[in-house]
Every structure is written in structure tokens, then in C-alpha cells.
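Visitor: Got a structure for you, questions after.
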Amino acid sequence: MSPLKDFFNTGKFKALVALAVLLGGIMAWAGANGRLASAPEQILSAVLSPFQKGASAVSGGVDGLLDKYARIDSIIAENEALKEENWELQDKLVEYDRLKAENDAYRERDRLEDDSPEYTYVSAFVIGRDPLEQFGGFTIDLGTLDGVQQGDVVVSDQGYLVGRVLEAGPASSKVMTILQPGSYVACVVSRTRDTGNLNGNSAYASDGRCVLENLSRDTLAQVGDQIITTGLGGEFPADIRVGTIEEILPEESGRSSIAVIEPGADVNNVKHVFVITDFETAYGQQAEENQTASDAQPES
């Protein structure tokens, strides 16, 4: 078989024939519709159209990607501006909370000073608590530079006894609460005038309670009676409210009674207190008068 005959039997030849027939058909259709002059252009357009669409898609994708990268700097700058604005708002909110707390404290101080003008109060915020401290002790943000001294009496916003300053540093002080065993305070039952010693007790401290010890065995005190300080000894002002009697129990010896006291202040959770830096008591006045009289006596 000759090479030429072999070529006629190949798939390539058949494909060329089919293409020639197709082109002939297209030309005939174009002539019949008056589009013969533009037929080559249309054929070329049809052939190139898929490639043009692909190139357009690639070009559009690249343009979109470039646009996104161009906006990155703008987005980063916008995020930084929003962060800075958020920080400023947070600072303003903190400042607002501080001013509100201080204003509330000033109002409470004015009220306390109206009720007890013989006392000098300074406002203090609780800034620290020891999680291992089981008797509610805490640290306040005032110290000796603010006029606070060891032994100063500490009360709540409502004027209830909280404790006293145990240690005073230059800018902060540690407070021992009335829940601490050994924090003796001379007190009296307001209604019956029964006297006793307010003291902390480890059996009740976890519930925020303390006890009034050495009540008389036949006391007439009852649940709900108010407990106040007597001022005896001059270490605490008189008539500072402490709390109410929750329960009355006999002591182990049977010779006296113990009253379980619910303090008027939530000792374990107070966030703001007042420190009484100066006060006058009948005991102090009497001691001063005795000293004055002693100094006035002529030497023998």
C-alpha cells in the first residue's frame, strides 16, 4: 500500500475532511444570510472566545487580589484606631467608676459626720485581702501619710463596727476585724444594758459571726437585740453600732452566757470603709480632767 493511500485512511485525514465540511457549511450559511464577508472574523472569534474568557477571568482574579492586598494597610490602620478608641473608652469607664465610688463615699461620710460630729472620718478603699486570712482581715489604701495610725477604729459605710487598724504603713494599712479572736471590744446590749466583751471566735468566723462573751447568766437579752460599744477603756468610741443577737448560749462553766452576734457590716466583703482618726469619749474626757486636776495640785 502506497504512503498516500495510507494517509487517506488515517484519523488526521478524516479530521481534516470533517473540518473542511464544517467550514464549508458555515460559509454556505453565511452566504445565505448575507454574512459571508464577516464569516472569517466570526469563525476566528468563535475559536478565540474560550481563550479570551480565560484571560479575562485570570485578569479579573489578579485585579481582585491586588485590590485586597491594597486594602490591607487601610484595614490594619482602621483596627489600630478602633483599639485605641476602645482603650480610651475603658480608661474613661474606670475613671467614672472611681469618681462615682468616691462621691458615694463622700455622701456617706457627710451623713456619719452629721450623726457624730465629735468624730473625724477618713474614707478608705479595700485594696487587698489575704485568701488564707480566715478572720476577714484586709488592707486599705490609706496610711500614716493620710493621718491613719495603729489602733484607729474602722467602721462600715453605715457606721457599723468593722475592726481597727493593726498596722499602719506610709500609704496603706492592715485592718484586724471583729471576727479575729482576741479583738476584745467592751460592748453593751442596747435594750437591757447587759455588758460583755465582743470577741472573735473561730467556730463562727467562717459565717461572718462573732460573739459577746461574759453576759450574765440570767441576762434578759433576746434574739434581735442591738449591740453597741461602751467606750470603756477609751480605745473605741461609745455607741458605735455592732450588730444584733442571733443566738444566746450558756458558757461551758454555766456561770455566764454567750451571745452569737450577726455584725451589721458584711466584714468579709466590705469594699469601702471609714477610719475614725480622732474621737472623744467620756472616758477620755474624764482622764483628761483627772490629769488636769493632778497637774494643778501644788507640790508637797
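Following the order of the C-alpha cells, first chain is A, next is B, and so on, with residues numbered from 1 inside each chain and ligands from 1 in the order they appear.
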Mind listing the helix (DSSP H, G or I) residues of stretch 188-237 of chain A, per DSSP on the backbone, as a ChimeraX atom specification?

Guide: /A:202-205

Visitor: I need the residues from that last selection saved to file as an mmCIF file, in the first residue's frame (with all heavy atoms), if you can.

Guide:
```cif
data_model
loop_
_atom_site.group_PDB
_atom_site.id
_atom_site.type_symbol
_atom_site.label_atom_id
_atom_site.label_comp_id
_atom_site.auth_asym_id
_atom_site.auth_seq_id
_atom_site.Cartn_x
_atom_site.Cartn_y
_atom_site.Cartn_z
ATOM 1 N N SER A 202 -13.342 31.345 116.311
ATOM 2 C CA SER A 202 -13.066 30.572 115.096
ATOM 3 C C SER A 202 -14.235 29.682 114.681
ATOM 4 O O SER A 202 -14.372 29.335 113.511
ATOM 5 C CB SER A 202 -11.811 29.716 115.295
ATOM 6 O OG SER A 202 -11.955 28.853 116.414
ATOM 7 N N ALA A 203 -15.096 29.328 115.641
ATOM 8 C CA ALA A 203 -16.233 28.469 115.314
ATOM 9 C C ALA A 203 -17.298 29.216 114.532
ATOM 10 O O ALA A 203 -18.109 28.592 113.833
ATOM 11 C CB ALA A 203 -16.838 27.895 116.599
ATOM 12 N N TYR A 204 -17.305 30.538 114.608
ATOM 13 C CA TYR A 204 -18.342 31.338 113.954
ATOM 14 C C TYR A 204 -17.789 32.266 112.868
ATOM 15 O O TYR A 204 -18.562 32.814 112.079
ATOM 16 C CB TYR A 204 -19.091 32.180 114.992
ATOM 17 C CG TYR A 204 -19.790 31.374 116.056
ATOM 18 C CD1 TYR A 204 -19.220 31.200 117.314
ATOM 19 C CD2 TYR A 204 -21.019 30.771 115.812
ATOM 20 C CE1 TYR A 204 -19.856 30.449 118.303
ATOM 21 C CE2 TYR A 204 -21.674 30.026 116.787
ATOM 22 C CZ TYR A 204 -21.077 29.867 118.025
ATOM 23 O OH TYR A 204 -21.722 29.117 118.979
ATOM 24 N N ALA A 205 -16.490 32.447 112.828
ATOM 25 C CA ALA A 205 -15.903 33.434 111.911
ATOM 26 C C ALA A 205 -16.182 33.117 110.446
ATOM 27 O O ALA A 205 -16.376 34.018 109.631
ATOM 28 C CB ALA A 205 -14.402 33.533 112.146
#
```

Visitor: Please identify all polymer residues within 8 Å of A:Gln180, counting only C-alpha atoms, omitting same-chain residues fewer than 4 positions from it, and present them as an MDAnalysis selection string.

Guide: chainID A and resid 135:136 176 199:202 205

Visitor: Based on the selection just made, write C-alpha atoms of those residues as a PDB file, in the first residue's frame.

Guide:
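File written: out-v7.pdb
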```
ATOM      1  CA  PHE A 135     -10.980  36.194 110.017  1.00  0.00           C
ATOM      2  CA  GLY A 136     -11.666  38.733 107.271  1.00  0.00           C
ATOM      3  CA  MET A 176      -7.961  43.442 112.038  1.00  0.00           C
ATOM      4  CA  ASN A 199     -14.678  38.900 120.582  1.00  0.00           C
ATOM      5  CA  GLY A 200     -13.933  36.798 117.527  1.00  0.00           C
ATOM      6  CA  ASN A 201     -14.471  33.065 117.620  1.00  0.00           C
ATOM      7  CA  SER A 202     -13.066  30.572 115.096  1.00  0.00           C
ATOM      8  CA  ALA A 205     -15.903  33.434 111.911  1.00  0.00           C
TER       9      ALA A 205
END
```

Visitor: Within 10 Å of A:Arg255, counting only C-alpha atoms, which residues qualify if same-chain residues fewer than 6 places away don't, as a list in words?

Guide: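 In the requested format, the answer is Asn214, Leu215, Ser216, Arg217 and Asp218 of chain A.
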
Visitor: Have a look at A:Ser123, A:Ser173, A:Asn86, A:Thr192 and name the one nearest to A:Gly151; count only C-alpha atoms.

Guide: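 That would be A:Ser173, the residue with the smallest distance to A:Gly151.
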
Visitor: Between A:Gln149, A:Asn197, A:Gln134, A:Ser156, which has the minimum distance to A:Leu179 (counting only C-alpha atoms)?

Guide: A:Gln134

Visitor: Leaving out A:Phe274 and any residue of its chain fewer than 6 positions from it, which residues lie within 8 Å of it when counting only C-alpha atoms, given as a list in words?

Guide: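 That gives Arg109, Tyr121, Val122, Ser123, Ala124, Val154, Val155, Ser156 and Asp157 of chain A.
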
Visitor: How would the residues just picked look written out with C-alpha atoms as a compact mmCIF listing (two decimals), in the first residue's frame?

Guide:
```txt
# COMPACT_ATOMS: atom_id res chain seq x y z
CA ARG A 109 -19.04 60.48 105.30
CA TYR A 121 -13.60 60.24 109.48
CA VAL A 122 -11.35 59.49 106.52
CA SER A 123 -12.55 57.48 103.53
CA ALA A 124 -10.63 54.33 102.59
CA VAL A 154 -12.68 51.19 111.31
CA VAL A 155 -16.42 51.31 110.52
CA SER A 156 -18.58 50.50 107.50
CA ASP A 157 -20.37 52.99 105.27
```

Visitor: Measure the distance from atom CA of A:Thr120 to atom CA of A:Leu142 in Å and round it to one decimal.

Guide: 14.6 Å

Visitor: By how many Å are atom CA of A:Gln150 and atom CA of A:Asp207 apart?

Guide: 27.0 Å

Visitor: Looking at only C-alpha atoms, which of A:Ile261, A:Val242, A:Ala168, A:Ile72 is the one that sits closest to A:Val211?

Guide: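 When distances to A:Val211 are compared using only C-alpha atoms, the smallest one comes from A:Ile261.
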